[in-house]
Amino acid sequence: MSASITPLRAGKATAPKVWLSPTQVCERVPGMTETILSERRKAGLAPNYYKPSNKTVIYEQAEIDRWVESTAVSSR
């Protein structure tokens with residue numbers, strides 16, 4: 001009698017998060033400026049951002065990509 005062995009399922013490997021400075025966000029999104037990003041933060045508008053310290057503002061790259069994709073406009 002041979003035993004049947006079921007291998008453990010490997011968990012989904014998650015890619016490490018990529019953090020961007022406001023300058024890097026502006027390089028990634030054409031037409032975006034640090035002033036516009038700052039105004040959006042003050043107004044509580046997307047994209048989401050993180051403040052790991054009082055003087056540091058960072059954005060997650062995947063969230064920036066999702067935010068840009070959410071602004072798609074379909075043509076008529």
# chains A, B, ... in the order shown; residues from 1 in each chain; ligands from 1

$ residues_around --residues "segment 29-42 of chain A" --least-positions-apart "5" --cutoff "12 Å" --atoms "only C-alpha atoms" --output "MDAnalysis selection string"
chainID A and resid 20:24 47:51 57:59 61 64:69

$ select_by_dssp --residues "chain A" --states "strand (DSSP E)" --output "list in words"
Trp19, Leu20, Tyr50, Lys51, Pro52, Ser53, Thr56, Val57, Ile58, Tyr59 and Glu60 of chain A

$ closest_residue --among "A:Val18, A:Leu45, A:Ala13, A:Val73" --to "Glu60 of chain A" --atoms "only C-alpha atoms"
A:Val18

$ select_by_dssp --residues "chain A" --states "alpha helix (DSSP H)" --output "PyMOL selection string"
chain A and resi 22-28+34-43+61-69

$ write_last_selection --atoms "N, CA and C atoms" --output "PDB file, in the first residue's frame"
ATOM      1  N   PRO A  22       7.423  62.228  -4.460  1.00  0.00           N
ATOM      2  CA  PRO A  22       6.607  63.065  -5.335  1.00  0.00           C
ATOM      3  C   PRO A  22       7.302  63.371  -6.675  1.00  0.00           C
ATOM      4  N   THR A  23       8.606  63.586  -6.637  1.00  0.00           N
ATOM      5  CA  THR A  23       9.348  63.840  -7.882  1.00  0.00           C
ATOM      6  C   THR A  23       9.243  62.647  -8.819  1.00  0.00           C
ATOM      7  N   GLN A  24       9.363  61.430  -8.291  1.00  0.00           N
ATOM      8  CA  GLN A  24       9.278  60.226  -9.119  1.00  0.00           C
ATOM      9  C   GLN A  24       7.872  60.032  -9.672  1.00  0.00           C
ATOM     10  N   VAL A  25       6.858  60.395  -8.890  1.00  0.00           N
ATOM     11  CA  VAL A  25       5.477  60.314  -9.397  1.00  0.00           C
ATOM     12  C   VAL A  25       5.325  61.245 -10.593  1.00  0.00           C
ATOM     13  N   CYS A  26       5.884  62.451 -10.476  1.00  0.00           N
ATOM     14  CA  CYS A  26       5.788  63.427 -11.571  1.00  0.00           C
ATOM     15  C   CYS A  26       6.518  62.937 -12.821  1.00  0.00           C
ATOM     16  N   GLU A  27       7.612  62.216 -12.634  1.00  0.00           N
ATOM     17  CA  GLU A  27       8.332  61.651 -13.783  1.00  0.00           C
ATOM     18  C   GLU A  27       7.516  60.536 -14.432  1.00  0.00           C
ATOM     19  N   ARG A  28       6.712  59.831 -13.641  1.00  0.00           N
ATOM     20  CA  ARG A  28       5.941  58.686 -14.130  1.00  0.00           C
ATOM     21  C   ARG A  28       4.639  59.116 -14.798  1.00  0.00           C
ATOM     22  N   GLU A  34       4.741  68.623  -8.799  1.00  0.00           N
ATOM     23  CA  GLU A  34       4.742  68.483  -7.345  1.00  0.00           C
ATOM     24  C   GLU A  34       3.719  69.424  -6.715  1.00  0.00           C
ATOM     25  N   THR A  35       3.477  70.559  -7.340  1.00  0.00           N
ATOM     26  CA  THR A  35       2.459  71.492  -6.837  1.00  0.00           C
ATOM     27  C   THR A  35       1.073  70.876  -6.929  1.00  0.00           C
ATOM     28  N   ILE A  36       0.778  70.238  -8.054  1.00  0.00           N
ATOM     29  CA  ILE A  36      -0.526  69.586  -8.216  1.00  0.00           C
ATOM     30  C   ILE A  36      -0.681  68.480  -7.182  1.00  0.00           C
ATOM     31  N   LEU A  37       0.359  67.669  -6.985  1.00  0.00           N
ATOM     32  CA  LEU A  37       0.286  66.593  -5.987  1.00  0.00           C
ATOM     33  C   LEU A  37       0.040  67.174  -4.597  1.00  0.00           C
ATOM     34  N   SER A  38       0.747  68.236  -4.268  1.00  0.00           N
ATOM     35  CA  SER A  38       0.575  68.866  -2.960  1.00  0.00           C
ATOM     36  C   SER A  38      -0.850  69.382  -2.780  1.00  0.00           C
ATOM     37  N   GLU A  39      -1.393  70.019  -3.803  1.00  0.00           N
ATOM     38  CA  GLU A  39      -2.765  70.530  -3.740  1.00  0.00           C
ATOM     39  C   GLU A  39      -3.764  69.390  -3.580  1.00  0.00           C
ATOM     40  N   ARG A  40      -3.516  68.270  -4.257  1.00  0.00           N
ATOM     41  CA  ARG A  40      -4.402  67.108  -4.146  1.00  0.00           C
ATOM     42  C   ARG A  40      -4.342  66.524  -2.737  1.00  0.00           C
ATOM     43  N   ARG A  41      -3.144  66.476  -2.137  1.00  0.00           N
ATOM     44  CA  ARG A  41      -3.026  65.989  -0.756  1.00  0.00           C
ATOM     45  C   ARG A  41      -3.823  66.881   0.188  1.00  0.00           C
ATOM     46  N   LYS A  42      -3.667  68.196   0.047  1.00  0.00           N
ATOM     47  CA  LYS A  42      -4.367  69.144   0.923  1.00  0.00           C
ATOM     48  C   LYS A  42      -5.878  69.037   0.773  1.00  0.00           C
ATOM     49  N   ALA A  43      -6.337  68.723  -0.424  1.00  0.00           N
ATOM     50  CA  ALA A  43      -7.777  68.609  -0.697  1.00  0.00           C
ATOM     51  C   ALA A  43      -8.325  67.216  -0.373  1.00  0.00           C
ATOM     52  N   GLN A  61       3.886  52.732  -5.917  1.00  0.00           N
ATOM     53  CA  GLN A  61       3.834  52.716  -7.385  1.00  0.00           C
ATOM     54  C   GLN A  61       2.572  52.053  -7.908  1.00  0.00           C
ATOM     55  N   ALA A  62       2.198  50.911  -7.348  1.00  0.00           N
ATOM     56  CA  ALA A  62       1.006  50.201  -7.831  1.00  0.00           C
ATOM     57  C   ALA A  62      -0.253  51.041  -7.638  1.00  0.00           C
ATOM     58  N   GLU A  63      -0.316  51.807  -6.552  1.00  0.00           N
ATOM     59  CA  GLU A  63      -1.472  52.674  -6.321  1.00  0.00           C
ATOM     60  C   GLU A  63      -1.507  53.816  -7.331  1.00  0.00           C
ATOM     61  N   ILE A  64      -0.353  54.350  -7.692  1.00  0.00           N
ATOM     62  CA  ILE A  64      -0.292  55.397  -8.707  1.00  0.00           C
ATOM     63  C   ILE A  64      -0.801  54.836 -10.033  1.00  0.00           C
ATOM     64  N   ASP A  65      -0.337  53.634 -10.387  1.00  0.00           N
ATOM     65  CA  ASP A  65      -0.776  53.009 -11.639  1.00  0.00           C
ATOM     66  C   ASP A  65      -2.290  52.793 -11.639  1.00  0.00           C
ATOM     67  N   ARG A  66      -2.842  52.284 -10.520  1.00  0.00           N
ATOM     68  CA  ARG A  66      -4.295  52.057 -10.444  1.00  0.00           C
ATOM     69  C   ARG A  66      -5.050  53.382 -10.535  1.00  0.00           C
ATOM     70  N   TRP A  67      -4.529  54.415  -9.891  1.00  0.00           N
ATOM     71  CA  TRP A  67      -5.179  55.721  -9.921  1.00  0.00           C
ATOM     72  C   TRP A  67      -5.234  56.247 -11.351  1.00  0.00           C
ATOM     73  N   VAL A  68      -4.106  56.184 -12.064  1.00  0.00           N
ATOM     74  CA  VAL A  68      -4.082  56.660 -13.448  1.00  0.00           C
ATOM     75  C   VAL A  68      -5.059  55.847 -14.294  1.00  0.00           C
ATOM     76  N   GLU A  69      -5.054  54.522 -14.116  1.00  0.00           N
ATOM     77  CA  GLU A  69      -5.960  53.669 -14.896  1.00  0.00           C
ATOM     78  C   GLU A  69      -7.419  53.983 -14.582  1.00  0.00           C
TER      79      GLU A  69
END

$ atom_distance --atom1 "atom CA of Thr56 of chain A" --atom2 "atom CA of Ser70 of chain A"
25.8 Å

$ atom_distance --atom1 "atom CA of Gly44 of chain A" --atom2 "atom CA of Pro16 of chain A"
26.3 Å

$ decode --residues "segment 24-48 of chain A" --atoms "C-alpha atoms" --output "CSV table (one decimal), in the first residue's frame"
chain,number,residue,atom,x,y,z
A,24,GLN,CA,9.3,60.2,-9.1
A,25,VAL,CA,5.5,60.3,-9.4
A,26,CYS,CA,5.8,63.4,-11.6
A,27,GLU,CA,8.3,61.7,-13.8
A,28,ARG,CA,5.9,58.7,-14.1
A,29,VAL,CA,2.7,60.7,-14.8
A,30,PRO,CA,3.1,63.1,-17.8
A,31,GLY,CA,1.9,66.6,-16.9
A,32,MET,CA,1.9,66.0,-13.1
A,33,THR,CA,3.7,68.5,-11.0
A,34,GLU,CA,4.7,68.5,-7.3
A,35,THR,CA,2.5,71.5,-6.8
A,36,ILE,CA,-0.5,69.6,-8.2
A,37,LEU,CA,0.3,66.6,-6.0
A,38,SER,CA,0.6,68.9,-3.0
A,39,GLU,CA,-2.8,70.5,-3.7
A,40,ARG,CA,-4.4,67.1,-4.1
A,41,ARG,CA,-3.0,66.0,-0.8
A,42,LYS,CA,-4.4,69.1,0.9
A,43,ALA,CA,-7.8,68.6,-0.7
A,44,GLY,CA,-7.9,64.9,0.3
A,45,LEU,CA,-8.0,63.7,-3.3
A,46,ALA,CA,-6.4,60.7,-4.9
A,47,PRO,CA,-3.8,59.4,-5.2
A,48,ASN,CA,-3.3,57.9,-1.7
